[in-house]
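*Asks:* mmCIF, C-alpha atoms and all ligand atoms, saved as data_18.cif, coming up:
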```cif
data_structure
loop_
_atom_site.group_PDB
_atom_site.id
_atom_site.type_symbol
_atom_site.label_atom_id
_atom_site.label_comp_id
_atom_site.auth_asym_id
_atom_site.auth_seq_id
_atom_site.Cartn_x
_atom_site.Cartn_y
_atom_site.Cartn_z
ATOM 1 C CA MET Q 1 0.000 0.000 0.000
ATOM 2 C CA ILE Q 2 1.324 3.420 -0.948
ATOM 3 C CA GLN Q 3 1.693 5.718 2.065
ATOM 4 C CA ASN Q 4 3.951 8.320 0.530
ATOM 5 C CA GLU Q 5 3.269 9.066 -3.120
ATOM 6 C CA ASN Q 6 6.365 11.157 -3.773
ATOM 7 C CA PRO Q 7 9.183 10.389 -1.333
ATOM 8 C CA VAL Q 8 12.159 12.733 -1.238
ATOM 9 C CA ILE Q 9 15.375 10.797 -1.804
ATOM 10 C CA LEU Q 10 18.878 12.116 -1.382
ATOM 11 C CA ALA Q 11 21.528 10.197 -3.353
ATOM 12 C CA LEU Q 12 25.052 10.632 -2.015
ATOM 13 C CA CYS Q 13 27.249 9.471 -4.875
ATOM 14 C CA CYS Q 14 30.977 9.045 -5.312
ATOM 15 C CA HIS Q 15 32.439 11.029 -8.175
ATOM 16 C CA TYR Q 16 34.143 8.157 -9.988
ATOM 17 C CA CYS Q 17 31.407 5.558 -10.300
ATOM 18 C CA ALA Q 18 27.941 6.389 -9.013
ATOM 19 C CA PHE Q 19 27.900 10.015 -10.126
ATOM 20 C CA ALA Q 20 29.246 9.022 -13.539
ATOM 21 C CA ALA Q 21 26.530 6.337 -13.718
ATOM 22 C CA ALA Q 22 23.894 8.953 -12.838
ATOM 23 C CA ASP Q 23 25.288 11.162 -15.577
ATOM 24 C CA LEU Q 24 25.165 8.248 -18.008
ATOM 25 C CA ALA Q 25 21.556 7.503 -17.039
ATOM 26 C CA GLY Q 26 20.768 11.112 -17.951
ATOM 27 C CA SER Q 27 22.621 10.865 -21.262
ATOM 28 C CA MET Q 28 20.763 7.637 -22.042
ATOM 29 C CA ARG Q 29 17.514 9.448 -21.247
ATOM 30 C CA LEU Q 30 16.524 6.704 -18.818
ATOM 31 C CA GLN Q 31 13.382 7.241 -16.800
ATOM 32 C CA TYR Q 32 13.631 7.189 -13.005
ATOM 33 C CA PRO Q 33 11.740 8.955 -10.208
ATOM 34 C CA ALA Q 34 12.290 12.696 -10.308
ATOM 35 C CA SER Q 35 12.131 13.020 -6.523
ATOM 36 C CA VAL Q 36 15.825 12.105 -6.191
ATOM 37 C CA ARG Q 37 18.442 14.760 -5.501
ATOM 38 C CA VAL Q 38 22.019 13.794 -6.312
ATOM 39 C CA LEU Q 39 24.989 15.066 -4.315
ATOM 40 C CA ARG Q 40 28.534 14.297 -5.445
ATOM 41 C CA PHE Q 41 31.343 13.314 -3.083
ATOM 42 C CA PRO Q 42 34.958 12.542 -4.038
ATOM 43 C CA CYS Q 43 34.440 9.075 -2.496
ATOM 44 C CA THR Q 44 31.760 7.487 -0.311
ATOM 45 C CA GLY Q 45 34.498 7.140 2.323
ATOM 46 C CA LYS Q 46 34.021 10.881 2.912
ATOM 47 C CA ILE Q 47 30.385 10.389 3.926
ATOM 48 C CA GLU Q 48 30.059 10.511 7.702
ATOM 49 C CA VAL Q 49 27.163 9.187 9.784
ATOM 50 C CA ASN Q 50 26.219 12.749 10.720
ATOM 51 C CA TYR Q 51 25.847 13.748 7.031
ATOM 52 C CA ILE Q 52 23.264 11.005 6.547
ATOM 53 C CA MET Q 53 21.523 11.852 9.815
ATOM 54 C CA GLU Q 54 21.442 15.529 8.868
ATOM 55 C CA ALA Q 55 19.697 14.655 5.595
ATOM 56 C CA VAL Q 56 17.088 12.662 7.543
ATOM 57 C CA GLU Q 57 16.692 15.421 10.154
ATOM 58 C CA ASN Q 58 16.158 17.925 7.345
ATOM 59 C CA GLY Q 59 13.274 15.941 5.913
ATOM 60 C CA ALA Q 60 14.642 13.466 3.364
ATOM 61 C CA ASP Q 61 12.381 10.399 3.361
ATOM 62 C CA GLY Q 62 15.367 8.263 2.459
ATOM 63 C CA VAL Q 63 19.063 8.447 1.692
ATOM 64 C CA LEU Q 64 20.933 6.211 -0.714
ATOM 65 C CA ILE Q 65 24.690 6.042 -0.692
ATOM 66 C CA ALA Q 66 26.180 4.859 -3.968
ATOM 67 C CA GLY Q 67 29.837 4.051 -4.442
ATOM 68 C CA CYS Q 68 32.209 2.051 -6.583
ATOM 69 C CA LEU Q 69 32.059 -1.713 -6.831
ATOM 70 C CA GLN Q 70 33.649 -3.775 -4.026
ATOM 71 C CA GLY Q 71 37.408 -3.586 -4.548
ATOM 72 C CA GLY Q 72 36.998 -0.776 -7.084
ATOM 73 C CA CYS Q 73 37.159 2.273 -4.814
ATOM 74 C CA HIS Q 74 39.686 4.815 -6.118
ATOM 75 C CA PHE Q 75 40.690 5.495 -2.515
ATOM 76 C CA LYS Q 76 41.120 1.782 -1.714
ATOM 77 C CA GLU Q 77 38.658 1.195 1.115
ATOM 78 C CA GLY Q 78 36.347 4.216 1.058
ATOM 79 C CA ASN Q 79 33.295 2.209 0.025
ATOM 80 C CA LEU Q 80 33.961 -0.386 2.758
ATOM 81 C CA ARG Q 81 34.154 2.396 5.344
ATOM 82 C CA ALA Q 82 30.926 3.873 3.935
ATOM 83 C CA ARG Q 83 29.143 0.518 4.248
ATOM 84 C CA ARG Q 84 30.091 0.283 7.923
ATOM 85 C CA ARG Q 85 28.840 3.832 8.483
ATOM 86 C CA VAL Q 86 25.563 3.065 6.730
ATOM 87 C CA GLU Q 87 25.087 0.047 9.030
ATOM 88 C CA ARG Q 88 25.796 2.267 12.061
ATOM 89 C CA THR Q 89 23.290 4.851 10.786
ATOM 90 C CA LYS Q 90 20.631 2.154 10.386
ATOM 91 C CA LYS Q 91 21.099 1.195 14.063
ATOM 92 C CA ILE Q 92 20.760 4.834 15.139
ATOM 93 C CA LEU Q 93 17.565 5.214 13.098
ATOM 94 C CA GLU Q 94 16.162 2.076 14.726
ATOM 95 C CA GLU Q 95 16.977 3.429 18.195
ATOM 96 C CA LEU Q 96 15.119 6.623 17.265
ATOM 97 C CA GLY Q 97 12.078 4.618 16.178
ATOM 98 C CA LEU Q 98 12.596 5.199 12.454
ATOM 99 C CA GLU Q 99 12.759 2.500 9.800
ATOM 100 C CA PRO Q 100 16.402 1.522 9.067
ATOM 101 C CA GLU Q 101 15.480 0.789 5.451
ATOM 102 C CA ARG Q 102 15.270 4.525 4.855
ATOM 103 C CA VAL Q 103 19.038 4.342 4.342
ATOM 104 C CA GLU Q 104 20.826 1.981 1.963
ATOM 105 C CA MET Q 105 24.246 1.493 0.406
ATOM 106 C CA PHE Q 106 24.657 0.407 -3.228
ATOM 107 C CA ASN Q 107 27.706 -0.345 -5.351
ATOM 108 C CA LEU Q 108 27.921 0.172 -9.110
ATOM 109 C CA SER Q 109 30.352 1.000 -11.873
ATOM 110 C CA SER Q 110 30.485 4.144 -13.971
ATOM 111 C CA ALA Q 111 29.145 2.167 -16.961
ATOM 112 C CA GLU Q 112 25.936 1.193 -15.145
ATOM 113 C CA GLY Q 113 23.551 3.990 -15.995
ATOM 114 C CA THR Q 114 20.720 1.467 -16.129
ATOM 115 C CA ARG Q 115 21.649 0.177 -12.664
ATOM 116 C CA PHE Q 116 21.571 3.749 -11.299
ATOM 117 C CA ALA Q 117 18.020 4.205 -12.593
ATOM 118 C CA GLU Q 118 17.112 0.820 -11.040
ATOM 119 C CA ILE Q 119 18.591 1.755 -7.654
ATOM 120 C CA VAL Q 120 16.620 5.006 -7.519
ATOM 121 C CA THR Q 121 13.457 3.119 -8.473
ATOM 122 C CA ILE Q 122 14.102 0.470 -5.776
ATOM 123 C CA MET Q 123 14.471 3.175 -3.106
ATOM 124 C CA HIS Q 124 11.475 5.117 -4.428
ATOM 125 C CA GLU Q 125 9.204 2.055 -4.281
ATOM 126 C CA ARG Q 126 10.534 1.063 -0.843
ATOM 127 C CA LEU Q 127 9.930 4.556 0.566
ATOM 128 C CA GLN Q 128 6.464 4.756 -0.952
ATOM 129 C CA LYS Q 129 5.483 1.928 1.424
ATOM 130 C CA LEU Q 130 6.620 3.931 4.466
ATOM 131 C CA LYS Q 131 4.996 6.998 5.965
ATOM 132 C CA PRO Q 132 6.628 10.338 5.073
ATOM 133 C CA SER Q 133 9.548 11.222 7.309
ATOM 134 C CA PRO Q 134 8.342 12.783 10.570
ATOM 135 C CA PHE Q 135 10.969 15.470 9.941
ATOM 136 C CA ARG Q 136 9.664 16.332 6.494
ATOM 137 C CA LYS Q 137 9.194 20.043 6.128
ATOM 138 C CA GLU Q 138 6.332 21.764 4.435
ATOM 139 C CA VAL Q 139 7.199 23.928 1.444
ATOM 140 C CA SER Q 140 6.494 27.086 3.485
ATOM 141 C CA GLU Q 141 9.074 26.011 6.087
ATOM 142 C CA LEU Q 142 11.665 25.282 3.407
ATOM 143 C CA LYS Q 143 11.438 28.862 2.165
ATOM 144 C CA ASP Q 144 12.726 30.038 5.546
ATOM 145 C CA ALA Q 145 15.367 27.329 5.913
ATOM 146 C CA LYS Q 146 18.997 28.395 5.895
ATOM 147 C CA ILE Q 147 21.119 26.607 3.345
HETATM 148 FE FE1 LIG J 201 34.018 5.548 -5.455
HETATM 149 FE FE2 LIG J 201 35.589 5.486 -3.263
HETATM 150 S S1 LIG J 201 36.009 6.415 -5.151
HETATM 151 S S2 LIG J 201 33.558 4.764 -3.494
#
```
For the file at hand, write its structure as structure tokens.
Ligand code: FES
*Replies:*
Amino acid sequence: MIQNENPVILALCCHYCAFAAADLAGSMRLQYPASVRVLRFPCTGKIEVNYIMEAVENGADGVLIAGCLQGGCHFKEGNLRARRRVERTKKILEELGLEPERVEMFNLSSAEGTRFAEIVTIMHERLQKLKPSPFRKEVSELKDAKI
């Protein structure tokens, strides 16, 4: 049952693989939910638990972290570090009474534009089954938010 028609998704992508795949998906004119906002990082190893939590606290219904394939990180172990941080974030969400599945880590290569579109669709459909984030702001509140 759909509880949230248009969930807001933040995609934290590494520059080398996931962001390039997102770019490729655009070039290929692939269709995927428009409610995703993509943020580029040099490597997913730079993504701290508090960045993900801040996205949730600021109203994202879900956060996906997308990095290079296992063993393919350009900074050796950044994506492994990111996976551990995602697992830690899931535990924190659970302790706060939020669904841990709001956050997920994915791995893909720069050639996988189709996979990027799939990942966004997977998260979109998963989040549609959950209620909107309790932190989600109304549009009027966003106008006053400091960026
Ligand atoms: Fe892509 Fe590290 S460079 S995850």
*Asks:* For a test of reading the model, state the distance in Å between atom CA of Met123 of chain Q and atom CA of Glu99 of chain Q, rounded to one decimal.
*Replies:*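 Taking atom CA of Met123 of chain Q and atom CA of Glu99 of chain Q, their separation equals 13.0 Å.
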*Asks:* Which segment 23-113 of chain Q residues have any atom within 8 Å of an atom of segment 16-19 of chain Q, and for each, what is the nearest pair of atoms with distance in Å to one decimal, counting only C-alpha atoms, rows sorted by chain and number, as JSON lines?
*Replies:*
```
{"residue": "Q:Asp23", "atom": "CA", "partner": "Q:Phe19", "partner_atom": "CA", "distance": 6.2}
{"residue": "Q:Val38", "atom": "CA", "partner": "Q:Phe19", "partner_atom": "CA", "distance": 8.0}
{"residue": "Q:Arg40", "atom": "CA", "partner": "Q:Phe19", "partner_atom": "CA", "distance": 6.4}
{"residue": "Q:Pro42", "atom": "CA", "partner": "Q:Tyr16", "partner_atom": "CA", "distance": 7.4}
{"residue": "Q:Cys43", "atom": "CA", "partner": "Q:Tyr16", "partner_atom": "CA", "distance": 7.6}
{"residue": "Q:Ala66", "atom": "CA", "partner": "Q:Ala18", "partner_atom": "CA", "distance": 5.6}
{"residue": "Q:Gly67", "atom": "CA", "partner": "Q:Ala18", "partner_atom": "CA", "distance": 5.5}
{"residue": "Q:Cys68", "atom": "CA", "partner": "Q:Cys17", "partner_atom": "CA", "distance": 5.2}
{"residue": "Q:His74", "atom": "CA", "partner": "Q:Tyr16", "partner_atom": "CA", "distance": 7.5}
{"residue": "Q:Asn107", "atom": "CA", "partner": "Q:Ala18", "partner_atom": "CA", "distance": 7.7}
{"residue": "Q:Leu108", "atom": "CA", "partner": "Q:Ala18", "partner_atom": "CA", "distance": 6.2}
{"residue": "Q:Ser109", "atom": "CA", "partner": "Q:Cys17", "partner_atom": "CA", "distance": 4.9}
{"residue": "Q:Ser110", "atom": "CA", "partner": "Q:Cys17", "partner_atom": "CA", "distance": 4.0}
{"residue": "Q:Ala111", "atom": "CA", "partner": "Q:Cys17", "partner_atom": "CA", "distance": 7.8}
```
*Asks:* Atom CA of Glu5 of chain Q and atom CA of Leu130 of chain Q are how many Å apart?
*Replies:*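 That distance, rounded to one decimal, is 9.8 Å.
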*Asks:* Since I can't run it myself right now, could you work out what the PyMOL selection byres (((chain Q and resi 53) around 12) and not hetatm) selects here and report it as a VMD selection string?
*Replies:* chain Q and resid 10 47 to 52 54 to 64 85 to 86 88 to 93 96 98 100 102 to 103 135
*Asks:* Find the residues near Arg29 of chain Q: any atom within 12 Å, counting only C-alpha atoms, skip ones fewer than 6 places away on the same chain, and give them as a PDB file with C-alpha atoms, keeping the file's coordinate frame.
*Replies:*
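Okay, this is what ended up in around-v2.pdb:
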```pdb
ATOM      1  CA  ALA Q  22      23.894   8.953 -12.838  1.00  0.00           C
ATOM      2  CA  ASP Q  23      25.288  11.162 -15.577  1.00  0.00           C
ATOM      3  CA  GLY Q 113      23.551   3.990 -15.995  1.00  0.00           C
ATOM      4  CA  THR Q 114      20.720   1.467 -16.129  1.00  0.00           C
ATOM      5  CA  ALA Q 117      18.020   4.205 -12.593  1.00  0.00           C
TER       6      ALA Q 117
END
```
*Asks:* Taking the file as shown, find all residues satisfying the PyMOL selection byres (((chain Q and resi 4) around 6) and not hetatm) and write them as a list in words.
*Replies:*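 Taken over the shown coordinates, the PyMOL selection byres (((chain Q and resi 4) around 6) and not hetatm) returns Ile2, Gln3, Glu5, Asn6, Pro7, Gln128, Lys131 and Pro132 of chain Q.
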*Asks:* Which polymer residues, protein or nucleic acid, are no farther than 8 Å from (12.0, 14.7, -7.2), counting only C-alpha atoms, as a list in words?
*Replies:* Asn6, Pro7, Val8, Ile9, Pro33, Ala34, Ser35, Val36 and Arg37 of chain Q
*Asks:* So that I have them on file, write out the residues from the current selection with C-alpha atoms, as a short mmCIF file (atom, residue, chain, number, x, y, z; two decimals), in the frame of the given file.
*Replies:*
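Saved result, again23.cif, follows:
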```
data_model
loop_
_atom_site.label_atom_id
_atom_site.label_comp_id
_atom_site.auth_asym_id
_atom_site.auth_seq_id
_atom_site.Cartn_x
_atom_site.Cartn_y
_atom_site.Cartn_z
CA ASN Q 6 6.36 11.16 -3.77
CA PRO Q 7 9.18 10.39 -1.33
CA VAL Q 8 12.16 12.73 -1.24
CA ILE Q 9 15.38 10.80 -1.80
CA PRO Q 33 11.74 8.96 -10.21
CA ALA Q 34 12.29 12.70 -10.31
CA SER Q 35 12.13 13.02 -6.52
CA VAL Q 36 15.82 12.10 -6.19
CA ARG Q 37 18.44 14.76 -5.50
#
```
*Asks:* Calculate how many Å separate atom CA of Phe106 of chain Q from atom CA of Met1 of chain Q, rounding to one decimal.
*Replies:*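 Separating atom CA of Phe106 of chain Q from atom CA of Met1 of chain Q is a distance of 24.9 Å.
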*Asks:* Please return the centre and edge lengths, in Å to one decimal, of a box with edges along x, y and z that contains all listed atoms of ligand LIG 201 (chain J), widened by 3 Å on every side, as lines of an AutoDock Vina configuration file.
*Replies:*
```
center_x = 34.8
center_y = 5.6
center_z = -4.4
size_x = 8.5
size_y = 7.7
size_z = 8.2
```
*Asks:* Between Q:Gly97, Q:Gly71, Q:Gly45, Q:Pro134, which has the minimum distance to ligand LIG 201 (chain J) (counting all atoms listed in the file)?
*Replies:*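 Of Q:Gly97, Q:Gly71, Q:Gly45, Q:Pro134, the one nearest ligand LIG 201 (chain J) is Q:Gly45, counting all atoms listed in the file.
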*Asks:* Hey, which of Q:Ile65, Q:Glu77, Q:Gln70, Q:Thr121 ends up closest to Met105 of chain Q? Count only C-alpha atoms.
*Replies:* Q:Ile65
*Asks:* From the options Q:His15, Q:Tyr32, Q:Phe75, Q:Leu69, which residue's atoms come nearest to Ile119 of chain Q, counting only C-alpha atoms?
*Replies:* Q:Tyr32
*Asks:* Between Q:Ala82, Q:Leu39, Q:Met28, Q:Ala21, which has the minimum distance to ligand LIG 201 (chain J) (counting all atoms listed in the file)?
*Replies:*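 The answer is Q:Ala82, which sits nearest to ligand LIG 201 (chain J).
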